[in-house]
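Content type compact mmCIF, C-alpha atoms and all ligand atoms, from the file structure.txt:
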# COMPACT_ATOMS: atom_id res chain seq x y z
CA MET A 830 0.00 0.00 0.00
CA ASN A 831 1.43 3.37 -1.01
CA ILE A 832 1.29 5.87 1.84
CA ASP A 833 2.97 8.77 0.01
CA ASN A 834 -0.07 10.39 -1.52
CA PHE A 835 -0.68 14.07 -1.02
CA LYS A 836 -4.30 13.86 -2.19
CA TYR A 837 -5.13 12.97 1.40
CA ARG A 838 -4.83 16.07 3.48
CA VAL A 839 -3.93 15.64 7.12
CA TYR A 840 -5.06 18.24 9.64
CA GLY A 841 -3.18 18.61 12.88
CA ARG A 842 0.38 17.70 13.66
CA THR A 843 2.08 14.70 12.03
CA ARG A 844 5.34 14.94 13.96
CA SER A 845 6.47 16.40 17.27
CA ARG A 846 8.59 19.54 17.28
CA GLY A 847 12.27 19.68 18.20
CA LYS A 848 14.67 16.97 19.18
CA LYS A 849 12.29 14.07 18.75
CA SER A 850 11.92 14.57 14.98
CA ILE A 851 13.13 11.72 12.78
CA THR A 852 14.03 11.52 9.08
CA LYS A 853 11.69 9.71 6.72
CA GLU A 854 14.37 7.09 6.03
CA ASN A 855 14.89 6.34 9.74
CA PHE A 856 11.15 6.26 10.30
CA LEU A 857 10.73 3.66 7.56
CA LEU A 858 13.66 1.66 8.86
CA LYS A 859 12.14 1.49 12.33
CA THR A 860 8.58 0.76 11.25
CA GLU A 861 8.95 -1.23 8.00
CA LYS A 862 8.65 -4.61 9.70
CA TYR A 863 5.21 -3.73 11.08
CA ILE A 864 3.68 -1.89 8.13
CA ILE A 865 0.63 -3.64 6.72
CA LYS A 866 1.28 -4.70 3.14
CA LYS A 867 -1.58 -6.91 2.03
CA LEU A 868 -4.79 -7.99 3.74
CA ASP A 869 -6.40 -11.37 3.19
CA LYS A 870 -10.03 -12.43 3.28
CA LYS A 871 -9.57 -15.20 5.85
CA THR A 872 -8.11 -13.08 8.67
CA ASN A 873 -10.21 -11.22 11.21
CA TYR A 874 -9.00 -7.63 11.37
CA ILE A 875 -9.71 -4.93 13.93
CA LEU A 876 -8.97 -1.38 12.82
CA ASP A 877 -7.87 1.22 15.39
CA ILE A 878 -8.27 4.63 13.74
CA GLY A 879 -6.21 7.51 15.17
CA SER A 880 -4.47 5.31 17.71
CA GLY A 881 -2.35 8.19 19.11
CA TYR A 882 0.40 6.76 21.30
CA GLY A 883 -0.91 3.22 20.84
CA GLU A 884 -2.46 2.39 24.22
CA SER A 885 -5.70 1.23 22.60
CA THR A 886 -3.87 -0.85 19.96
CA ILE A 887 -1.92 -2.72 22.63
CA PHE A 888 -5.14 -3.18 24.65
CA LEU A 889 -6.94 -4.59 21.59
CA SER A 890 -4.06 -6.90 20.70
CA THR A 891 -4.00 -8.36 24.23
CA ASN A 892 -7.76 -8.90 24.25
CA ASN A 893 -8.05 -10.26 20.69
CA LYS A 894 -5.09 -12.57 20.31
CA LYS A 895 -6.53 -14.45 17.35
CA ASN A 896 -7.16 -11.25 15.39
CA ILE A 897 -4.83 -8.83 13.63
CA ILE A 898 -5.04 -5.26 14.91
CA ILE A 899 -4.34 -2.55 12.35
CA SER A 900 -3.30 0.77 13.85
CA CYS A 901 -3.94 3.66 11.49
CA GLU A 902 -2.29 6.90 12.64
CA THR A 903 -0.88 9.94 10.86
CA TYR A 904 1.25 11.12 13.81
CA ILE A 905 4.82 9.92 13.25
CA ASN A 906 5.80 10.00 16.93
CA GLY A 907 2.66 8.09 17.83
CA ASN A 908 3.63 5.35 15.37
CA LEU A 909 7.16 5.22 16.78
CA ASN A 910 5.78 4.99 20.29
CA LEU A 911 3.55 2.10 19.26
CA VAL A 912 6.48 0.28 17.62
CA ASN A 913 8.44 0.60 20.90
CA LYS A 914 5.46 -0.80 22.79
CA ILE A 915 5.11 -3.71 20.32
CA GLU A 916 8.78 -4.55 20.81
CA ASN A 917 8.68 -4.18 24.60
CA HIS A 918 5.55 -6.32 24.93
CA GLY A 919 6.67 -8.90 22.31
CA VAL A 920 3.33 -8.53 20.52
CA THR A 921 2.90 -10.29 17.17
CA ASN A 922 -0.65 -9.41 16.09
CA ILE A 923 -0.27 -5.68 15.35
CA ARG A 924 0.31 -4.08 11.95
CA ILE A 925 0.54 -0.37 11.30
CA TYR A 926 -0.65 1.95 8.56
CA PRO A 927 1.19 5.22 9.22
CA GLY A 928 -1.13 7.45 7.23
CA ASN A 929 -4.60 8.82 6.65
CA VAL A 930 -7.43 6.34 7.22
CA ASN A 931 -9.26 7.60 4.13
CA GLN A 932 -6.27 6.67 2.00
CA PHE A 933 -6.08 3.28 3.72
CA LEU A 934 -9.75 2.55 3.00
CA ASP A 935 -9.75 3.95 -0.54
CA ASN A 936 -6.93 1.54 -1.43
CA LEU A 937 -8.47 -1.44 0.32
CA ASN A 938 -10.00 -4.22 -1.75
CA GLN A 939 -13.75 -4.20 -1.06
CA ASP A 940 -13.64 -7.97 -0.53
CA ILE A 941 -11.89 -7.31 2.77
CA LYS A 942 -14.35 -7.11 5.65
CA LEU A 943 -13.21 -5.88 9.05
CA LYS A 944 -14.52 -7.32 12.29
CA LYS A 945 -14.45 -4.14 14.35
CA ILE A 946 -13.42 -0.53 13.99
CA TYR A 947 -12.41 1.70 16.91
CA ILE A 948 -12.29 5.49 16.74
CA LEU A 949 -11.30 6.66 20.20
CA PHE A 950 -11.23 10.40 20.78
CA PRO A 951 -11.09 11.64 17.21
CA ASP A 952 -9.75 15.21 17.02
CA PRO A 953 -12.71 17.36 18.15
CA TRP A 954 -11.89 20.49 16.11
CA PRO A 955 -14.05 22.65 18.41
CA LYS A 956 -13.78 25.95 16.49
CA LYS A 957 -16.68 26.56 14.13
CA LYS A 958 -14.36 27.27 11.20
CA HIS A 959 -12.64 23.87 11.70
CA ILE A 960 -15.72 21.67 12.12
CA LYS A 961 -15.41 20.47 8.50
CA ARG A 962 -12.13 18.78 9.49
CA ARG A 963 -13.91 16.30 11.75
CA LEU A 964 -13.46 12.69 10.73
CA ILE A 965 -16.92 11.35 11.60
CA THR A 966 -19.49 12.37 9.02
CA ASN A 967 -22.37 10.60 7.28
CA ASP A 968 -20.09 9.78 4.34
CA PHE A 969 -17.34 8.44 6.56
CA LEU A 970 -19.75 6.09 8.35
CA LYS A 971 -21.06 4.96 4.95
CA LYS A 972 -17.49 4.25 3.86
CA LEU A 973 -16.79 2.24 7.03
CA ASN A 974 -19.97 0.26 6.42
CA ILE A 975 -18.56 -1.03 3.11
CA PHE A 976 -15.60 -2.61 4.90
CA LEU A 977 -17.42 -4.15 7.88
CA GLN A 978 -18.43 -7.79 8.29
CA PRO A 979 -22.16 -8.43 8.82
CA ASN A 980 -22.78 -7.57 12.49
CA GLY A 981 -19.38 -5.86 12.54
CA GLU A 982 -19.02 -3.09 15.09
CA ILE A 983 -17.87 0.49 15.18
CA VAL A 984 -16.88 1.86 18.59
CA ILE A 985 -16.56 5.63 18.89
CA ALA A 986 -15.58 7.61 22.00
CA THR A 987 -15.47 11.35 22.47
CA ASP A 988 -15.41 13.85 25.32
CA SER A 989 -16.65 16.69 23.13
CA LEU A 990 -20.30 17.58 23.59
CA SER A 991 -20.48 19.30 20.25
CA TYR A 992 -18.89 16.29 18.48
CA SER A 993 -21.32 13.97 20.33
CA LYS A 994 -24.20 16.00 18.90
CA GLN A 995 -22.71 15.65 15.40
CA ILE A 996 -22.32 11.89 15.94
CA PHE A 997 -25.98 11.62 17.10
CA LYS A 998 -27.04 13.30 13.85
CA CYS A 999 -24.82 11.04 11.73
CA ILE A 1000 -26.15 7.91 13.46
CA PHE A 1001 -29.68 9.10 12.70
CA ASN A 1002 -28.78 9.83 9.07
CA VAL A 1003 -27.31 6.35 8.51
CA LYS A 1004 -29.91 4.48 10.58
CA ASP A 1005 -30.56 2.11 7.67
CA LEU A 1006 -26.96 0.89 7.86
CA PHE A 1007 -26.32 0.57 11.60
CA ASN A 1008 -28.06 -0.23 14.86
CA TRP A 1009 -26.96 1.96 17.74
CA ASN A 1010 -26.40 -0.78 20.34
CA ASN A 1011 -25.96 1.16 23.55
CA GLN A 1012 -28.59 3.80 22.75
CA ARG A 1013 -30.89 2.74 25.59
CA ASN A 1014 -28.20 2.03 28.17
CA MET A 1015 -27.96 4.18 31.26
CA TYR A 1016 -24.20 4.28 31.04
CA LEU A 1017 -22.42 5.82 28.10
CA ASP A 1018 -18.96 6.17 29.62
CA LEU A 1019 -16.07 4.43 27.82
CA ASN A 1020 -14.96 2.77 31.07
CA ASP A 1021 -18.38 1.21 31.59
CA TYR A 1022 -17.48 -0.95 28.57
CA TYR A 1023 -13.68 -1.10 28.36
CA ASP A 1024 -11.02 -1.12 31.07
CA LEU A 1025 -8.89 1.09 28.88
CA GLU A 1026 -7.13 4.40 29.44
CA THR A 1027 -5.68 6.29 26.51
CA LYS A 1028 -3.82 9.60 26.66
CA TYR A 1029 -6.91 11.48 25.56
CA TYR A 1030 -9.20 9.55 27.89
CA ASN A 1031 -7.02 10.61 30.82
CA LYS A 1032 -6.91 14.22 29.57
CA ALA A 1033 -10.72 14.24 29.53
CA ILE A 1034 -10.97 12.85 33.06
CA ILE A 1035 -8.40 15.34 34.42
CA SER A 1036 -10.36 18.23 32.94
CA GLY A 1037 -13.60 16.93 34.47
CA LYS A 1038 -15.17 15.80 31.18
CA LYS A 1039 -17.16 12.61 30.83
CA PRO A 1040 -16.29 10.69 27.67
CA SER A 1041 -19.21 9.08 25.84
CA ILE A 1042 -19.13 5.89 23.86
CA PHE A 1043 -21.23 4.99 20.83
CA ILE A 1044 -21.40 1.35 19.73
CA LEU A 1045 -22.84 0.71 16.28
CA THR A 1046 -23.51 -2.65 14.65
CA LYS A 1047 -23.77 -3.11 10.92
CA ILE A 1048 -27.29 -4.18 9.94
C1 LIG B 1 -7.20 13.29 19.85
S1 LIG B 1 -6.08 12.08 19.26
C2 LIG B 1 -6.63 10.59 20.09
C3 LIG B 1 -5.55 9.55 20.15
C4 LIG B 1 -5.93 8.24 20.88
N1 LIG B 1 -7.01 7.54 20.20
C5 LIG B 1 -6.28 8.48 22.31
O1 LIG B 1 -7.43 8.19 22.70
O2 LIG B 1 -5.41 8.94 23.06
C6 LIG B 1 -6.65 11.80 17.60
C7 LIG B 1 -5.64 11.07 16.74
O3 LIG B 1 -6.17 10.81 15.46
C8 LIG B 1 -5.14 10.96 14.49
N2 LIG B 1 -5.80 11.23 13.21
C9 LIG B 1 -6.49 12.34 12.87
N3 LIG B 1 -6.98 12.25 11.62
C10 LIG B 1 -6.59 11.02 11.15
C11 LIG B 1 -6.77 10.35 9.91
N4 LIG B 1 -7.48 10.90 8.92
N5 LIG B 1 -6.22 9.12 9.77
C12 LIG B 1 -5.52 8.54 10.79
N6 LIG B 1 -5.31 9.15 11.97
C13 LIG B 1 -5.83 10.37 12.16
C14 LIG B 1 -4.33 12.13 15.03
O4 LIG B 1 -3.02 12.15 14.51
C15 LIG B 1 -4.35 11.88 16.53
O5 LIG B 1 -3.26 11.12 16.97
Translate this structure into structure tokens?
Amino acid sequence: MNIDNFKYRVYGRTRSRGKKSITKENFLLKTEKYIIKKLDKKTNYILDIGSGYGESTIFLSTNNKKNIIISCETYINGNLNLVNKIENHGVTNIRIYPGNVNQFLDNLNQDIKLKKIYILFPDPWPKKKHIKRRLITNDFLKKLNIFLQPNGEIVIATDSLSYSKQIFKCIFNVKDLFNWNNQRNMYLDLNDYYDLETKYYNKAIISGKKPSIFILTKI
């Protein structure tokens, strides 16, 4: 899969400033072994979109040992951090796609059907002028639907009230494609479902925000 395509614009930072920056060659050298090359129809894949520093990817790999976890992340230092974690934990069921998820999906054979897709704390882009940058839209959910197995799940978490409202609207707009599983549950907090703390989950808790989780199943 070619990840050098500038058609896919990335908002936000792709590398950290200062000393921690790395050349493209060194990045490829460090990550090459883990980069996903080809997917096959027989494997069960779980896609972790915007995996940040990789806490969720490691969590998913530990809890789904028979599946392959694909971490899709544009942030170079996040990918490097995940590779360090993979090596420290001796994990064998993680592959990485260090690029834009739209590019990953647009190049994916439509015969490939994913078991689950996680989108934990997508960038909230709170300013009105930046709202168009948000990842979760009607069209994005429709695109994910193409690549999900029957009964496949999408798990979304956010601590942004305004993004939650947008997600509610999107779920309504694509109601023919997905059931919203936890719609009637009293608890909508990520930790009511998963014993998982990511960097952005902890940031939300420290600032007194309550993250919400949306679990959708493909109809
Ligand atoms: C707010 S962070 C959340 C990171 C992590 N999931 C967590 O909970 O700590 C959102 C992440 O999504 C990544 N991201 C944003 N747009 C993306 C895209 N189109 N494809 C892949 N990753 C993306 C960003 O680089 C960033 O690391």
Q: Give me the residues within 8 Å of Gly881 in chain A as a PyMOL selection string, counting all atoms listed in the file and dropping any in the same chain fewer than 2 places off.
A: chain A and resi 879+883-884+902+904+907-908+1028
Contact check, chain A to ligand LIG 1 (chain B), at most 6 Å, counting only C-alpha atoms and all ligand atoms, closest pairs as JSON lines:
{"residue": "A:Ile878", "atom": "CA", "partner": "B:LIG1", "partner_atom": "C12", "distance": 5.6}
{"residue": "A:Gly879", "atom": "CA", "partner": "B:LIG1", "partner_atom": "O3", "distance": 3.3}
{"residue": "A:Ser880", "atom": "CA", "partner": "B:LIG1", "partner_atom": "N1", "distance": 4.2}
{"residue": "A:Gly881", "atom": "CA", "partner": "B:LIG1", "partner_atom": "C3", "distance": 3.6}
{"residue": "A:Cys901", "atom": "CA", "partner": "B:LIG1", "partner_atom": "C12", "distance": 5.2}
{"residue": "A:Glu902", "atom": "CA", "partner": "B:LIG1", "partner_atom": "N6", "distance": 3.8}
{"residue": "A:Thr903", "atom": "CA", "partner": "B:LIG1", "partner_atom": "N6", "distance": 4.6}
{"residue": "A:Tyr904", "atom": "CA", "partner": "B:LIG1", "partner_atom": "O4", "distance": 4.4}
{"residue": "A:Gly928", "atom": "CA", "partner": "B:LIG1", "partner_atom": "C12", "distance": 5.8}
{"residue": "A:Asn929", "atom": "CA", "partner": "B:LIG1", "partner_atom": "N5", "distance": 3.5}
{"residue": "A:Val930", "atom": "CA", "partner": "B:LIG1", "partner_atom": "N5", "distance": 4.0}
{"residue": "A:Leu949", "atom": "CA", "partner": "B:LIG1", "partner_atom": "N1", "distance": 4.4}
{"residue": "A:Phe950", "atom": "CA", "partner": "B:LIG1", "partner_atom": "C2", "distance": 4.7}
{"residue": "A:Pro951", "atom": "CA", "partner": "B:LIG1", "partner_atom": "C6", "distance": 4.5}
{"residue": "A:Asp952", "atom": "CA", "partner": "B:LIG1", "partner_atom": "C1", "distance": 4.3}
{"residue": "A:Thr1027", "atom": "CA", "partner": "B:LIG1", "partner_atom": "O2", "distance": 4.4}
{"residue": "A:Lys1028", "atom": "CA", "partner": "B:LIG1", "partner_atom": "O2", "distance": 4.0}
{"residue": "A:Tyr1029", "atom": "CA", "partner": "B:LIG1", "partner_atom": "O2", "distance": 3.9}
{"residue": "A:Tyr1030", "atom": "CA", "partner": "B:LIG1", "partner_atom": "O1", "distance": 5.6}
Could you please take those selected residues and save C-alpha atoms as a compact mmCIF listing (two decimals), in the frame of the given file?
# COMPACT_ATOMS: atom_id res chain seq x y z
CA ILE A 878 -8.27 4.63 13.74
CA GLY A 879 -6.21 7.51 15.17
CA SER A 880 -4.47 5.31 17.71
CA GLY A 881 -2.35 8.19 19.11
CA CYS A 901 -3.94 3.66 11.49
CA GLU A 902 -2.29 6.90 12.64
CA THR A 903 -0.88 9.94 10.86
CA TYR A 904 1.25 11.12 13.81
CA GLY A 928 -1.13 7.45 7.23
CA ASN A 929 -4.60 8.82 6.65
CA VAL A 930 -7.43 6.34 7.22
CA LEU A 949 -11.30 6.66 20.20
CA PHE A 950 -11.23 10.40 20.78
CA PRO A 951 -11.09 11.64 17.21
CA ASP A 952 -9.75 15.21 17.02
CA THR A 1027 -5.68 6.29 26.51
CA LYS A 1028 -3.82 9.60 26.66
CA TYR A 1029 -6.91 11.48 25.56
CA TYR A 1030 -9.20 9.55 27.89
Q: Enter the distance from CA of Tyr863 in chain A to CA of Tyr882 in chain A, in Å, rounded to one decimal.
A: 15.4 Å
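Among the candidates A:Ile864, A:Gly919, A:Gly841, A:Asn910, the residue lying nearest to Ser890 in chain A is A:Gly919 (atoms considered: all atoms listed in the file).
Note that CA of Lys867 in chain A and CA of Ile985 in chain A are 25.8 Å apart.
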(Q) Nearest residue to Leu934 in chain A out of A:Lys957, A:Lys972, A:Lys862, A:His918, using all atoms listed in the file? (A) A:Lys972
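Distance annotation: of A:Tyr1023, A:Phe969, A:Tyr947, A:Phe997, the residue with the minimal separation from Glu982 in chain A is A:Tyr947; atom set is only C-alpha atoms.
When the distance limit is 10 Å and all atoms listed in the file are what count, the residues near Glu861 in chain A, minus those fewer than 5 positions from it on the same chain, are Asn855, Phe856, Lys866, Arg924 and Ile925 of chain A.
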Q) Which residue, A:Leu868, A:Val839, A:Ile965, A:Ile923, has the smallest gap to Ile983 in chain A when you use only C-alpha atoms? A) A:Ile965
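One finds CA of Ile941 in chain A at 8.6 Å from CA of Gln978 in chain A.
Of the residues under consideration (A:Ile1034, A:Lys870, A:Ser989, A:Asn917), A:Ser989 shows the shortest atom-to-atom contact distance to Lys956 in chain A when counting only C-alpha atoms.
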Q) Which polymer residues have any atom within 12 Å of an atom of Leu1017 in chain A, counting all atoms listed in the file, with same-chain residues fewer than 5 positions away left out, as a list in words? A) Val984, Ile985, Ala986, Thr987, Asp988, Ser993, Trp1009, Asn1010, Asn1011, Gln1012, Tyr1022, Tyr1023, Lys1039, Pro1040, Ser1041, Ile1042, Phe1043 and Ile1044 of chain A
